[in-house]
Amino acid sequence: MKTGYQMYKRGNIILVNLNPQKNAEAGKVRPCVVLSDSSINTILDLVTIIPCTTNILGEGLFRISLAKREGLDKNCEVMIEQIRGVSKKRILTTLSVVNRDEMQKIEQGVSALLGLS
């Protein structure tokens, strides 16, 4: 495990600085769900995340609703199509965690996006 890094677990909701933004990428400092495996996150300097937005379009295959909770001030949606790897240096803090049902929906959306299902 790299020293100086916090442990980021799959399913954590973390605050990430996604700037600078390019074209249709999600930018700004925003909550993101950690998708990469917890054990891999101890080895790599990158974490695979999926950004969230408060611009609610309605839940579907590529939009998963997260209700506000401790650490997450507003209702939001996970934007499956925005999946990406980010440097741990972009991560500001851990906010909360998704529940099992939410993670299952996220996994189904990612599987469909990548043509794995």
# chains A, B, ... in the order shown; residues from 1 in each chain; ligands from 1
$ residues_around --residues "region 32-41 of chain A" --least-positions-apart "3" --cutoff "8 Å" --atoms "only C-alpha atoms" --output "number ranges by chain"
A: 7-16, 44-52, 78, 97-98
$ residues_around --residues "region 25-29 of chain A" --least-positions-apart "5" --cutoff "10 Å" --atoms "only C-alpha atoms" --output "list in words"
Leu15, Val16, Asn17, Leu18, Asn19, Pro20, Ile50, Pro51, Cys52, Thr53, Met79, Glu81, Gln82, Ile83, Arg84, Arg90, Ile91 and Leu92 of chain A
$ select_by_dssp --residues "chain A" --states "alpha helix (DSSP H)" --output "short mmCIF file (atom, residue, chain, number, x, y, z; two decimals) with C-alpha atoms, in the first residue's frame"
data_model
loop_
_atom_site.label_atom_id
_atom_site.label_comp_id
_atom_site.auth_asym_id
_atom_site.auth_seq_id
_atom_site.Cartn_x
_atom_site.Cartn_y
_atom_site.Cartn_z
CA SER A 38 -10.89 -2.08 -2.60
CA SER A 39 -7.79 -4.31 -2.76
CA ILE A 40 -6.75 -2.84 -6.14
CA ASN A 41 -7.14 0.64 -4.67
CA ARG A 100 -26.09 -2.91 -1.51
CA ASP A 101 -29.13 -2.24 -3.74
CA GLU A 102 -27.60 0.97 -5.11
CA MET A 103 -24.29 -0.79 -5.81
CA GLN A 104 -26.10 -3.59 -7.62
CA LYS A 105 -27.86 -1.05 -9.89
CA ILE A 106 -24.53 0.70 -10.53
CA GLU A 107 -22.90 -2.63 -11.45
CA GLN A 108 -25.77 -3.45 -13.84
CA GLY A 109 -25.42 -0.06 -15.53
CA VAL A 110 -21.65 -0.42 -15.91
CA SER A 111 -22.05 -3.93 -17.27
CA ALA A 112 -24.53 -2.67 -19.89
CA LEU A 113 -22.33 0.35 -20.75
#
